[in-house]
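What's in work.txt: compact mmCIF, C-alpha atoms
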```txt
# COMPACT_ATOMS: atom_id res chain seq x y z
CA MET A 188 -4.49 24.30 101.85
CA SER A 189 -1.29 26.27 102.15
CA LEU A 190 0.93 26.34 99.09
CA ILE A 191 3.93 25.86 101.34
CA SER A 192 3.92 22.62 103.28
CA GLU A 193 4.90 22.25 106.89
CA GLY A 194 8.21 21.17 105.39
CA ALA A 195 8.96 24.75 104.42
CA ASP A 196 9.67 25.67 108.02
CA ILE A 197 12.97 23.87 108.31
CA GLY A 198 15.34 26.77 108.46
CA VAL A 199 15.76 27.22 104.73
CA PRO A 200 15.63 30.88 103.71
CA LEU A 201 12.82 31.36 101.23
CA ALA A 202 13.71 34.92 100.31
CA THR A 203 16.53 37.36 100.60
CA ARG A 204 16.31 40.40 102.79
CA SER A 205 15.52 42.49 99.69
CA GLY A 206 12.32 40.55 99.27
CA HIS A 207 13.49 38.85 96.08
CA ALA A 208 13.15 35.10 95.81
CA GLU A 209 16.43 33.34 96.49
CA PRO A 210 17.89 32.17 93.15
CA SER A 211 17.78 28.43 92.97
CA LEU A 212 20.83 26.22 93.17
CA ALA A 213 18.83 23.14 92.22
CA THR A 214 20.45 20.99 89.58
CA VAL A 215 18.85 18.60 87.12
CA GLY A 216 19.96 15.77 89.42
CA ASP A 217 17.98 17.31 92.30
CA TYR A 218 14.84 17.37 90.17
CA ILE A 219 15.42 13.75 89.15
CA ALA A 220 15.79 12.85 92.84
CA LEU A 221 12.44 14.59 93.50
CA MET A 222 10.80 12.05 91.21
CA LYS A 223 11.90 9.09 93.38
CA PRO A 224 13.66 7.14 90.59
CA ARG A 225 13.68 3.83 92.50
CA VAL A 226 9.92 3.96 93.04
CA MET A 227 9.51 5.00 89.41
CA SER A 228 11.43 1.93 88.24
CA LEU A 229 8.97 -0.39 90.03
CA VAL A 230 6.04 1.58 88.61
CA VAL A 231 7.46 1.33 85.08
CA PHE A 232 8.02 -2.39 85.46
CA THR A 233 4.54 -3.22 86.79
CA ALA A 234 2.92 -0.93 84.20
CA LEU A 235 4.94 -2.65 81.47
CA VAL A 236 3.64 -6.03 82.64
CA GLY A 237 0.05 -4.73 82.65
CA LEU A 238 0.59 -3.42 79.14
CA ALA A 239 2.27 -6.59 77.86
CA VAL A 240 -0.24 -9.10 79.24
CA ALA A 241 -3.30 -7.19 78.03
CA PRO A 242 -5.15 -8.82 75.13
CA GLY A 243 -4.94 -7.18 71.73
CA SER A 244 -2.13 -5.23 70.25
CA ILE A 245 -0.64 -1.78 70.71
CA ASN A 246 1.69 0.13 68.45
CA PRO A 247 5.17 0.15 70.05
CA ILE A 248 5.31 3.97 69.95
CA THR A 249 1.89 4.22 71.59
CA GLY A 250 3.03 1.70 74.21
CA PHE A 251 6.20 3.70 74.81
CA THR A 252 4.14 6.88 75.15
CA ALA A 253 1.85 5.20 77.68
CA LEU A 254 4.80 3.97 79.75
CA LEU A 255 6.48 7.38 79.56
CA CYS A 256 3.33 9.14 80.79
CA ILE A 257 2.85 6.64 83.63
CA THR A 258 6.51 7.09 84.60
CA VAL A 259 6.28 10.88 84.56
CA GLY A 260 3.00 10.73 86.51
CA ALA A 261 4.69 8.57 89.14
CA GLY A 262 7.57 11.05 89.28
CA ALA A 263 5.10 13.90 89.70
CA SER A 264 3.51 12.08 92.64
CA GLY A 265 6.96 11.66 94.19
CA ALA A 266 7.74 15.37 93.80
CA LEU A 267 4.43 16.41 95.36
CA ASN A 268 4.99 13.91 98.19
CA MET A 269 8.43 15.39 98.87
CA TRP A 270 6.98 18.91 98.80
CA TYR A 271 4.35 18.07 101.40
CA ASP A 272 6.43 15.75 103.57
CA ALA A 273 9.60 17.86 103.77
CA ASP A 274 9.12 18.45 107.49
CA ILE A 275 8.96 14.76 108.43
CA ASP A 276 11.53 13.80 105.81
CA ALA A 277 14.00 16.08 107.60
CA LEU A 278 13.53 14.06 110.81
CA MET A 279 14.23 10.60 109.39
CA ILE A 280 17.68 9.31 108.44
CA ARG A 281 16.31 7.48 105.38
CA THR A 282 14.79 10.66 103.92
CA ALA A 283 16.79 13.55 105.44
CA ARG A 284 19.04 13.86 102.38
CA ARG A 285 16.16 14.45 99.98
CA PRO A 286 16.41 17.70 97.97
CA VAL A 287 13.75 19.72 99.83
CA PRO A 288 14.84 19.03 103.45
CA MET A 289 18.45 19.58 102.33
CA GLY A 290 17.44 23.01 100.99
CA ARG A 291 18.68 22.29 97.46
CA VAL A 292 15.14 22.61 96.08
CA GLN A 293 12.71 25.15 97.52
CA PRO A 294 9.26 23.79 98.50
CA GLY A 295 7.59 26.03 95.92
CA GLU A 296 9.85 24.68 93.20
CA ALA A 297 9.00 21.08 94.13
CA LEU A 298 5.29 21.94 94.12
CA ALA A 299 5.45 23.65 90.73
CA PHE A 300 7.50 20.79 89.29
CA GLY A 301 5.07 18.16 90.59
CA LEU A 302 1.96 19.99 89.38
CA THR A 303 3.45 20.64 85.95
CA LEU A 304 4.48 17.02 85.45
CA SER A 305 1.10 15.80 86.72
CA ALA A 306 -0.78 17.95 84.22
CA PHE A 307 1.49 17.05 81.32
CA SER A 308 1.48 13.31 81.99
CA VAL A 309 -2.31 13.09 82.29
CA VAL A 310 -3.07 15.36 79.31
CA VAL A 311 -0.55 13.68 77.01
CA LEU A 312 -1.77 10.20 77.99
CA GLY A 313 -5.35 11.28 77.32
CA LEU A 314 -4.53 12.91 73.98
CA LEU A 315 -2.17 10.29 72.60
CA VAL A 316 -3.33 6.99 74.15
CA ASN A 317 -6.82 6.93 75.63
CA VAL A 318 -9.03 8.72 78.12
CA LEU A 319 -9.55 5.77 80.51
CA ALA A 320 -5.80 5.35 81.04
CA ALA A 321 -5.46 9.11 81.58
CA ALA A 322 -8.33 9.15 84.07
CA LEU A 323 -6.76 6.26 86.00
CA LEU A 324 -3.40 8.04 86.05
CA ALA A 325 -5.02 11.26 87.29
CA PHE A 326 -6.82 9.33 90.03
CA THR A 327 -3.58 7.57 91.01
CA ILE A 328 -1.74 10.88 91.40
CA PHE A 329 -4.66 12.33 93.36
CA PHE A 330 -4.87 9.25 95.58
CA TYR A 331 -1.14 9.19 96.36
CA VAL A 332 -0.82 12.91 97.01
CA ALA A 333 -4.14 13.93 98.54
CA VAL A 334 -5.46 10.73 100.11
CA TYR A 335 -2.22 9.04 101.22
CA THR A 336 0.35 11.83 101.68
CA MET A 337 -1.87 14.66 102.94
CA TRP A 338 -4.47 12.68 104.83
CA LEU A 339 -3.78 9.06 105.76
CA LYS A 340 -0.02 9.10 106.33
CA ARG A 341 -0.17 11.39 109.35
CA SER A 342 -3.53 10.30 110.74
CA THR A 343 -3.89 6.51 110.84
CA PRO A 344 -1.77 3.37 111.24
CA GLN A 345 -3.73 1.99 108.28
CA ASN A 346 -1.98 4.61 106.12
CA ILE A 347 -0.03 2.22 103.95
CA VAL A 348 -2.85 -0.33 103.77
CA ILE A 349 -5.23 2.11 102.07
CA GLY A 350 -2.50 4.26 100.53
CA GLY A 351 -0.98 1.17 98.97
CA ALA A 352 -3.70 1.36 96.34
CA ALA A 353 -1.78 4.20 94.70
CA GLY A 354 1.16 1.92 94.01
CA ALA A 355 -1.14 -0.82 92.76
CA PHE A 356 -2.73 1.14 89.93
CA PRO A 357 0.13 1.19 87.33
CA PRO A 358 -0.54 -2.31 85.87
CA MET A 359 -4.21 -1.36 85.53
CA ILE A 360 -3.21 1.81 83.68
CA GLY A 361 -0.93 -0.23 81.40
CA TRP A 362 -3.78 -2.66 80.71
CA ALA A 363 -6.23 0.21 80.06
CA ALA A 364 -3.74 1.81 77.66
CA VAL A 365 -3.98 -1.28 75.43
CA THR A 366 -7.62 -2.27 75.78
CA GLY A 367 -9.38 0.96 76.72
CA SER A 368 -11.25 -1.07 79.35
CA LEU A 369 -10.75 -3.04 82.56
CA SER A 370 -11.49 -6.64 83.55
CA LEU A 371 -10.77 -9.17 86.32
CA GLU A 372 -7.14 -9.78 85.32
CA PRO A 373 -5.83 -6.21 85.87
CA VAL A 374 -7.85 -6.10 89.08
CA LEU A 375 -5.93 -9.23 90.21
CA LEU A 376 -2.63 -7.49 89.43
CA PHE A 377 -3.87 -4.51 91.43
CA MET A 378 -4.77 -6.76 94.37
CA ILE A 379 -1.37 -8.47 94.36
CA ILE A 380 0.43 -5.13 94.82
CA PHE A 381 -2.27 -3.86 97.20
CA PHE A 382 -1.88 -6.79 99.61
CA TRP A 383 1.89 -6.92 99.11
CA THR A 384 2.32 -3.34 100.36
CA PRO A 385 1.45 -3.79 104.08
CA PRO A 386 3.86 -6.67 104.88
CA HIS A 387 6.56 -4.97 102.81
CA PHE A 388 6.33 -1.59 104.55
CA TRP A 389 5.60 -2.92 108.02
CA ALA A 390 8.70 -5.12 107.81
CA LEU A 391 10.65 -1.92 107.14
CA ALA A 392 8.78 -0.01 109.84
CA LEU A 393 9.67 -2.69 112.42
CA TYR A 394 13.33 -1.71 112.29
CA ARG A 395 12.68 2.01 111.67
CA THR A 396 10.14 2.43 114.47
CA GLU A 397 12.12 5.09 116.35
CA GLU A 398 12.49 7.21 113.23
CA TYR A 399 8.78 7.10 112.45
CA ALA A 400 7.96 7.86 116.09
CA ARG A 401 10.34 10.85 116.11
CA ALA A 402 8.71 12.18 112.93
CA GLY A 403 5.24 11.64 114.40
CA VAL A 404 4.15 9.27 111.64
CA PRO A 405 1.62 6.81 113.11
CA MET A 406 3.01 3.69 111.50
CA LEU A 407 1.57 0.47 112.92
CA PRO A 408 4.61 -0.43 115.13
CA VAL A 409 4.52 3.08 116.64
CA VAL A 410 0.81 3.00 117.42
CA ALA A 411 -0.09 -0.67 117.95
CA GLY A 412 3.29 -1.96 119.05
CA ASP A 413 5.79 -4.50 117.88
CA VAL A 414 3.88 -7.75 118.49
CA SER A 415 0.65 -6.53 116.90
CA THR A 416 2.57 -5.42 113.79
CA ARG A 417 4.16 -8.86 113.46
CA ARG A 418 0.70 -10.48 113.63
CA HIS A 419 -0.59 -8.05 111.00
CA ILE A 420 2.36 -8.89 108.72
CA LEU A 421 1.56 -12.60 108.86
CA PHE A 422 -2.17 -11.93 108.39
CA TYR A 423 -1.66 -9.84 105.25
CA THR A 424 0.95 -12.29 103.91
CA LEU A 425 -1.60 -15.12 104.26
CA ILE A 426 -4.05 -13.05 102.19
CA LEU A 427 -1.38 -12.04 99.68
CA VAL A 428 -0.06 -15.50 98.81
CA PRO A 429 -3.36 -17.02 97.51
CA ILE A 430 -4.04 -13.86 95.52
CA GLY A 431 -0.52 -14.13 94.10
CA ILE A 432 -1.25 -17.70 93.01
CA ALA A 433 -4.79 -16.93 91.72
CA PRO A 434 -3.87 -15.97 88.11
CA TRP A 435 -2.77 -19.60 87.57
CA PRO A 436 -5.98 -21.50 88.55
CA LEU A 437 -8.06 -18.74 86.96
CA GLY A 438 -6.32 -19.45 83.67
CA PHE A 439 -4.64 -16.06 83.33
CA ALA A 440 -1.17 -17.59 83.66
CA GLY A 441 0.54 -20.92 83.04
CA ALA A 442 2.25 -23.53 85.20
CA LEU A 443 5.55 -21.62 85.26
CA TYR A 444 3.83 -18.70 86.94
CA GLY A 445 1.90 -21.05 89.25
CA ALA A 446 5.08 -22.81 90.40
CA THR A 447 6.85 -19.48 90.96
CA ALA A 448 3.91 -18.06 92.92
CA VAL A 449 3.61 -21.20 95.09
CA ILE A 450 7.34 -21.44 95.90
CA THR A 451 7.96 -17.71 96.49
CA GLY A 452 4.65 -17.42 98.35
CA GLY A 453 5.74 -20.26 100.63
CA ILE A 454 8.98 -18.41 101.37
CA MET A 455 6.99 -15.24 102.11
CA VAL A 456 4.83 -17.11 104.64
CA LEU A 457 7.90 -18.73 106.19
CA LEU A 458 9.64 -15.36 106.58
CA ALA A 459 6.47 -13.75 107.96
CA ALA A 460 6.23 -16.59 110.52
CA GLN A 461 9.86 -15.95 111.51
CA VAL A 462 9.05 -12.25 111.89
CA LEU A 463 6.19 -13.23 114.19
CA SER A 464 8.46 -15.28 116.43
CA GLU A 465 11.26 -12.68 116.44
CA ARG A 466 11.47 -10.06 119.18
CA ARG A 467 13.30 -6.75 119.27
CA PRO A 468 16.14 -5.81 119.26
CA VAL A 469 16.69 -8.69 116.80
CA GLU A 470 15.81 -7.43 113.31
CA ARG A 471 17.12 -10.20 111.08
CA ALA A 472 13.77 -11.70 110.00
CA SER A 473 12.21 -8.26 109.41
CA LYS A 474 15.08 -7.24 107.16
CA GLN A 475 14.95 -10.57 105.34
CA LEU A 476 11.21 -10.24 104.76
CA PHE A 477 11.59 -6.65 103.55
CA ALA A 478 14.31 -7.64 101.06
CA PHE A 479 12.57 -10.82 99.90
CA SER A 480 9.22 -9.08 99.45
CA ILE A 481 10.80 -6.92 96.72
CA LEU A 482 12.15 -10.01 94.98
CA TYR A 483 8.76 -11.75 95.40
CA LEU A 484 6.83 -8.99 93.63
CA PHE A 485 9.48 -8.66 90.95
CA LEU A 486 9.48 -12.42 90.27
CA LEU A 487 5.68 -12.66 90.09
CA PHE A 488 5.45 -9.88 87.54
CA ALA A 489 8.57 -10.94 85.61
CA VAL A 490 7.37 -14.53 85.25
CA LEU A 491 3.90 -13.31 84.27
CA LEU A 492 5.56 -11.14 81.64
CA VAL A 493 7.45 -14.13 80.25
CA ASP A 494 4.45 -16.43 80.58
CA ARG A 495 1.91 -14.13 78.96
CA GLY A 496 3.51 -11.09 77.46
CA TRP A 497 6.75 -12.16 75.85
CA GLY A 498 5.46 -15.68 75.26
CA GLY A 499 2.47 -14.31 73.40
CA LEU A 500 4.61 -11.86 71.50
CA LEU A 501 7.04 -14.59 70.42
CA ALA A 502 4.13 -16.80 69.32
CA ARG A 503 2.67 -13.96 67.26
CA LEU A 504 6.04 -13.31 65.64
CA ALA A 505 6.49 -17.04 64.90
CA THR A 506 3.17 -17.27 63.07
CA MET B 131 19.64 63.49 94.16
CA ASN B 132 22.26 61.95 91.88
CA GLU B 133 22.67 59.06 94.25
CA PRO B 134 23.47 55.90 92.27
CA ALA B 135 20.45 53.62 92.16
CA ASN B 136 21.00 50.29 93.87
CA ASP B 137 18.47 48.54 91.69
CA ASP B 138 20.49 45.89 89.91
CA GLY B 139 18.24 43.17 91.30
CA ILE B 140 19.78 39.84 92.11
CA VAL B 141 23.23 39.11 90.75
CA LEU B 142 23.63 35.38 90.26
CA THR B 143 26.70 33.62 91.54
CA GLU B 144 28.62 31.34 89.21
CA ALA B 145 27.11 28.28 90.88
CA GLN B 146 23.60 29.67 90.41
CA LYS B 147 24.33 30.44 86.76
CA ARG B 148 25.60 26.90 86.20
CA ALA B 149 22.53 25.42 87.89
CA ARG B 150 20.20 27.63 85.84
CA ARG B 151 21.98 26.69 82.61
CA SER B 152 21.70 22.96 83.35
CA ARG B 153 17.99 23.38 84.14
CA SER B 154 17.42 25.37 80.94
CA ILE B 155 19.11 22.69 78.85
CA ALA B 156 17.00 19.98 80.52
CA ILE B 157 13.79 21.94 79.82
CA ALA B 158 14.86 22.38 76.18
CA PHE B 159 15.43 18.64 75.83
CA ALA B 160 12.08 17.87 77.47
CA LEU B 161 10.23 20.23 75.12
CA ALA B 162 12.04 18.80 72.09
CA ALA B 163 11.12 15.28 73.24
CA LEU B 164 7.48 16.35 73.58
CA VAL B 165 7.47 17.75 70.02
CA ILE B 166 9.02 14.53 68.67
CA LEU B 167 6.51 12.45 70.65
CA PHE B 168 3.52 14.34 69.24
CA TYR B 169 4.98 14.17 65.73
CA ALA B 170 5.63 10.41 65.97
CA MET B 171 2.18 9.71 67.42
CA THR B 172 0.53 11.77 64.67
CA ILE B 173 2.35 9.69 62.05
CA VAL B 174 1.41 6.45 63.86
CA LYS B 175 -2.27 7.32 64.22
CA GLY B 176 -2.68 9.07 60.89
CA PRO B 177 -6.13 10.62 60.43
CA GLY B 178 -7.25 8.63 63.49
CA VAL B 179 -5.37 11.06 65.69
CA LEU B 180 -8.47 13.25 65.68
CA VAL B 181 -10.84 10.41 66.57
CA ARG B 182 -11.26 10.44 70.31
CA PRO B 183 -14.14 8.29 71.58
CA ILE B 184 -14.82 8.62 75.30
```
In structure tokens, what does this structure look like?
Amino acid sequence: MSLISEGADIGVPLATRSGHAEPSLATVGDYIALMKPRVMSLVVFTALVGLAVAPGSINPITGFTALLCITVGAGASGALNMWYDADIDALMIRTARRPVPMGRVQPGEALAFGLTLSAFSVVVLGLLVNVLAAALLAFTIFFYVAVYTMWLKRSTPQNIVIGGAAGAFPPMIGWAAVTGSLSLEPVLLFMIIFFWTPPHFWALALYRTEEYARAGVPMLPVVAGDVSTRRHILFYTLILVPIGIAPWPLGFAGALYGATAVITGGIMVLLAAQVLSERRPVERASKQLFAFSILYLFLLFAVLLVDRGWGGLLARLAT
Amino acid sequence: MNEPANDDGIVLTEAQKRARRSRSIAIAFALAALVILFYAMTIVKGPGVLVRPI
């Protein structure tokens, strides 16, 4: 594997004529942007829920350390993704202003930054929290960078279906940080995010098809077409909604969570059905589904946090 | 023979110096945070900090 991704060949001078490396103009803000702060915020939130709903107790400083390491590990994955994908990022409006395609951060700098953060996050999590959580974090980074970014993303329309696993691991890592083990409940949280990812990203891809096609990314609408993608969105939504409700009948969550999952799940199905009946160039339902899917995931995890995590914490404090 | 050597290396521009300084400060903060984190966790875990079952 080359140390410089295909993204390096985008007209950015890597060295001066004297042969010296070009001094960097990258600011701290550029390095923060490399870590994909918006993605990190979702990772932190889902990991926090995994940590809060896990049985047993964790010292607040240990919990903070676990969340910090998971956050930094997610940022490291983002930096390595931007290093490798700089060439296709430069071709898409949504990603063209990222630090590497803009030339503010050299590919080698992004690579070094990502590798350093990866090593630190995993080692610190292993040393200060527990080895299982560290191993899961290491696997998550590997899966996102090597399996999704380097392999699946450019080779199959199932890229985000399989690659979505990387985004689904954080609640499991949070759970493992508390318990040092895994069980059905964190696997359910994993499955909710795993099956949420395809309808979420395909809804986006439906109205960004041209960009993905120009960049040569084989997203489902590019390869299988518009109608097939809409069918897939509904199919995965119909799998997602029962899994979203499952923690309630399985006794992992209360009626508040159950009601939230049923109502928001119903809206998800309704929106997915509207996406199915919509045809290009109309994009309204796709955009609505994309936006609502974020709210859906946030609500499920937030209500679970209140139902199990904060509720349990308040009860413990009261006794 | 007494030709002045043009071996000053790279001379940073003001913008590059500012960027380097901001990066250096950020690295210093990150290292300080790491030291504090290890200190706090050692206090929290006490002697158990050395117990590491796999």
Within 10 Å of chain B: each chain A residue with its shortest pair, all atoms listed in the file, as JSON lines:
```
{"residue": "A:Thr203", "atom": "CA", "partner": "B:Ile140", "partner_atom": "CA", "distance": 9.4}
{"residue": "A:Ser205", "atom": "CA", "partner": "B:Gly139", "partner_atom": "CA", "distance": 8.8}
{"residue": "A:His207", "atom": "CA", "partner": "B:Ile140", "partner_atom": "CA", "distance": 7.5}
{"residue": "A:Ala208", "atom": "CA", "partner": "B:Ile140", "partner_atom": "CA", "distance": 9.0}
{"residue": "A:Glu209", "atom": "CA", "partner": "B:Ile140", "partner_atom": "CA", "distance": 8.5}
{"residue": "A:Pro210", "atom": "CA", "partner": "B:Gln146", "partner_atom": "CA", "distance": 6.8}
{"residue": "A:Ser211", "atom": "CA", "partner": "B:Gln146", "partner_atom": "CA", "distance": 6.5}
{"residue": "A:Leu212", "atom": "CA", "partner": "B:Gln146", "partner_atom": "CA", "distance": 5.2}
{"residue": "A:Ala213", "atom": "CA", "partner": "B:Ala149", "partner_atom": "CA", "distance": 6.1}
{"residue": "A:Thr214", "atom": "CA", "partner": "B:Ala149", "partner_atom": "CA", "distance": 5.2}
{"residue": "A:Val215", "atom": "CA", "partner": "B:Arg153", "partner_atom": "CA", "distance": 5.7}
{"residue": "A:Gly216", "atom": "CA", "partner": "B:Arg153", "partner_atom": "CA", "distance": 9.5}
{"residue": "A:Tyr218", "atom": "CA", "partner": "B:Arg153", "partner_atom": "CA", "distance": 9.1}
{"residue": "A:Asn246", "atom": "CA", "partner": "B:Val174", "partner_atom": "CA", "distance": 7.8}
{"residue": "A:Pro247", "atom": "CA", "partner": "B:Val174", "partner_atom": "CA", "distance": 9.6}
{"residue": "A:Ile248", "atom": "CA", "partner": "B:Met171", "partner_atom": "CA", "distance": 7.0}
{"residue": "A:Thr249", "atom": "CA", "partner": "B:Met171", "partner_atom": "CA", "distance": 6.9}
{"residue": "A:Phe251", "atom": "CA", "partner": "B:Leu167", "partner_atom": "CA", "distance": 9.7}
{"residue": "A:Thr252", "atom": "CA", "partner": "B:Leu167", "partner_atom": "CA", "distance": 7.5}
{"residue": "A:Phe307", "atom": "CA", "partner": "B:Leu164", "partner_atom": "CA", "distance": 9.8}
{"residue": "A:Val311", "atom": "CA", "partner": "B:Phe168", "partner_atom": "CA", "distance": 8.8}
{"residue": "A:Gly313", "atom": "CA", "partner": "B:Arg182", "partner_atom": "CA", "distance": 9.2}
{"residue": "A:Leu314", "atom": "CA", "partner": "B:Arg182", "partner_atom": "CA", "distance": 8.1}
{"residue": "A:Leu315", "atom": "CA", "partner": "B:Met171", "partner_atom": "CA", "distance": 6.8}
{"residue": "A:Val316", "atom": "CA", "partner": "B:Met171", "partner_atom": "CA", "distance": 9.1}
{"residue": "A:Asn317", "atom": "CA", "partner": "B:Arg182", "partner_atom": "CA", "distance": 7.8}
{"residue": "A:Val318", "atom": "CA", "partner": "B:Ile184", "partner_atom": "CA", "distance": 6.4}
{"residue": "A:Leu319", "atom": "CA", "partner": "B:Ile184", "partner_atom": "CA", "distance": 7.9}
{"residue": "A:Gly367", "atom": "CA", "partner": "B:Ile184", "partner_atom": "CA", "distance": 9.5}
```
Please dump the current selection as a compact mmCIF listing (two decimals), keeping the file's coordinate frame; keep C-alpha atoms.
```txt
# COMPACT_ATOMS: atom_id res chain seq x y z
CA THR A 203 16.53 37.36 100.60
CA SER A 205 15.52 42.49 99.69
CA HIS A 207 13.49 38.85 96.08
CA ALA A 208 13.15 35.10 95.81
CA GLU A 209 16.43 33.34 96.49
CA PRO A 210 17.89 32.17 93.15
CA SER A 211 17.78 28.43 92.97
CA LEU A 212 20.83 26.22 93.17
CA ALA A 213 18.83 23.14 92.22
CA THR A 214 20.45 20.99 89.58
CA VAL A 215 18.85 18.60 87.12
CA GLY A 216 19.96 15.77 89.42
CA TYR A 218 14.84 17.37 90.17
CA ASN A 246 1.69 0.13 68.45
CA PRO A 247 5.17 0.15 70.05
CA ILE A 248 5.31 3.97 69.95
CA THR A 249 1.89 4.22 71.59
CA PHE A 251 6.20 3.70 74.81
CA THR A 252 4.14 6.88 75.15
CA PHE A 307 1.49 17.05 81.32
CA VAL A 311 -0.55 13.68 77.01
CA GLY A 313 -5.35 11.28 77.32
CA LEU A 314 -4.53 12.91 73.98
CA LEU A 315 -2.17 10.29 72.60
CA VAL A 316 -3.33 6.99 74.15
CA ASN A 317 -6.82 6.93 75.63
CA VAL A 318 -9.03 8.72 78.12
CA LEU A 319 -9.55 5.77 80.51
CA GLY A 367 -9.38 0.96 76.72
```
Excluding same-chain residues fewer than 2 positions from Tyr335 of chain A, what lies within 9 Å of it counting all atoms listed in the file, as a PDB file with C-alpha atoms, in the coordinates of the input?
```pdb
ATOM      1  CA  PHE A 329      -4.660  12.330  93.360  1.00  0.00           C
ATOM      2  CA  PHE A 330      -4.870   9.250  95.580  1.00  0.00           C
ATOM      3  CA  TYR A 331      -1.140   9.190  96.360  1.00  0.00           C
ATOM      4  CA  VAL A 332      -0.820  12.910  97.010  1.00  0.00           C
ATOM      5  CA  ALA A 333      -4.140  13.930  98.540  1.00  0.00           C
ATOM      6  CA  MET A 337      -1.870  14.660 102.940  1.00  0.00           C
ATOM      7  CA  TRP A 338      -4.470  12.680 104.830  1.00  0.00           C
ATOM      8  CA  LEU A 339      -3.780   9.060 105.760  1.00  0.00           C
ATOM      9  CA  LYS A 340      -0.020   9.100 106.330  1.00  0.00           C
ATOM     10  CA  ARG A 341      -0.170  11.390 109.350  1.00  0.00           C
ATOM     11  CA  ASN A 346      -1.980   4.610 106.120  1.00  0.00           C
ATOM     12  CA  ILE A 347      -0.030   2.220 103.950  1.00  0.00           C
ATOM     13  CA  ILE A 349      -5.230   2.110 102.070  1.00  0.00           C
ATOM     14  CA  GLY A 350      -2.500   4.260 100.530  1.00  0.00           C
ATOM     15  CA  GLY A 351      -0.980   1.170  98.970  1.00  0.00           C
ATOM     16  CA  ALA A 353      -1.780   4.200  94.700  1.00  0.00           C
TER      17      ALA A 353
END
```
At what distance in Å, to one decimal, does atom CA of Arg291 of chain A lie from atom CA of Leu278 of chain A? 16.5 Å
If I take atom CA of Ala273 of chain A and atom CA of Ser308 of chain A, how far is one from the other in Å, to one decimal?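 Result for atom CA of Ala273 of chain A versus atom CA of Ser308 of chain A: 23.7 Å, one decimal.
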Residues within 8 Å of Pro373 of chain A, please, as a list of chain:residue names. Count only C-alpha atoms; anything in the same chain fewer than 2 positions from it doesn't count. A:Gly237, A:Pro358, A:Met359, A:Trp362, A:Leu369, A:Ser370, A:Leu371, A:Leu375, A:Leu376, A:Phe377
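Here atom CA of Gly265 of chain A is placed at a distance of 16.9 Å from atom CA of Gly290 of chain A.
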Quick one: residues within 8 Å of Val490 of chain A, only C-alpha atoms counted, chain neighbours fewer than 6 positions away excluded, as a VMD selection string? chain A and resid 443 to 444 447
Store the residues picked out above in a file with C-alpha atoms, as a PDB file, in the frame of the given file.
```
ATOM      1  CA  LEU A 443       5.550 -21.620  85.260  1.00  0.00           C
ATOM      2  CA  TYR A 444       3.830 -18.700  86.940  1.00  0.00           C
ATOM      3  CA  THR A 447       6.850 -19.480  90.960  1.00  0.00           C
TER       4      THR A 447
END
```
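Between Trp383 of chain A and the residues A:Ser228, A:Thr282, A:Thr424, A:Asn268, the shortest atom-to-atom distance, using all atoms listed in the file, involves A:Thr424.
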Using only C-alpha atoms, what residues lie at most 12 Å away from (12.1, -0.3, 109.0) (file coordinates), given as a ChimeraX atom specification? /A:279-281,386-400,406-409,413,416,470-478
May I have the residues from that selection written out with C-alpha atoms, as a PDB file, in the frame of the given file?
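In the end it all went to result.pdb:
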```
ATOM      1  CA  MET A 279      14.230  10.600 109.390  1.00  0.00           C
ATOM      2  CA  ILE A 280      17.680   9.310 108.440  1.00  0.00           C
ATOM      3  CA  ARG A 281      16.310   7.480 105.380  1.00  0.00           C
ATOM      4  CA  PRO A 386       3.860  -6.670 104.880  1.00  0.00           C
ATOM      5  CA  HIS A 387       6.560  -4.970 102.810  1.00  0.00           C
ATOM      6  CA  PHE A 388       6.330  -1.590 104.550  1.00  0.00           C
ATOM      7  CA  TRP A 389       5.600  -2.920 108.020  1.00  0.00           C
ATOM      8  CA  ALA A 390       8.700  -5.120 107.810  1.00  0.00           C
ATOM      9  CA  LEU A 391      10.650  -1.920 107.140  1.00  0.00           C
ATOM     10  CA  ALA A 392       8.780  -0.010 109.840  1.00  0.00           C
ATOM     11  CA  LEU A 393       9.670  -2.690 112.420  1.00  0.00           C
ATOM     12  CA  TYR A 394      13.330  -1.710 112.290  1.00  0.00           C
ATOM     13  CA  ARG A 395      12.680   2.010 111.670  1.00  0.00           C
ATOM     14  CA  THR A 396      10.140   2.430 114.470  1.00  0.00           C
ATOM     15  CA  GLU A 397      12.120   5.090 116.350  1.00  0.00           C
ATOM     16  CA  GLU A 398      12.490   7.210 113.230  1.00  0.00           C
ATOM     17  CA  TYR A 399       8.780   7.100 112.450  1.00  0.00           C
ATOM     18  CA  ALA A 400       7.960   7.860 116.090  1.00  0.00           C
ATOM     19  CA  MET A 406       3.010   3.690 111.500  1.00  0.00           C
ATOM     20  CA  LEU A 407       1.570   0.470 112.920  1.00  0.00           C
ATOM     21  CA  PRO A 408       4.610  -0.430 115.130  1.00  0.00           C
ATOM     22  CA  VAL A 409       4.520   3.080 116.640  1.00  0.00           C
ATOM     23  CA  ASP A 413       5.790  -4.500 117.880  1.00  0.00           C
ATOM     24  CA  THR A 416       2.570  -5.420 113.790  1.00  0.00           C
ATOM     25  CA  GLU A 470      15.810  -7.430 113.310  1.00  0.00           C
ATOM     26  CA  ARG A 471      17.120 -10.200 111.080  1.00  0.00           C
ATOM     27  CA  ALA A 472      13.770 -11.700 110.000  1.00  0.00           C
ATOM     28  CA  SER A 473      12.210  -8.260 109.410  1.00  0.00           C
ATOM     29  CA  LYS A 474      15.080  -7.240 107.160  1.00  0.00           C
ATOM     30  CA  GLN A 475      14.950 -10.570 105.340  1.00  0.00           C
ATOM     31  CA  LEU A 476      11.210 -10.240 104.760  1.00  0.00           C
ATOM     32  CA  PHE A 477      11.590  -6.650 103.550  1.00  0.00           C
ATOM     33  CA  ALA A 478      14.310  -7.640 101.060  1.00  0.00           C
TER      34      ALA A 478
END
```
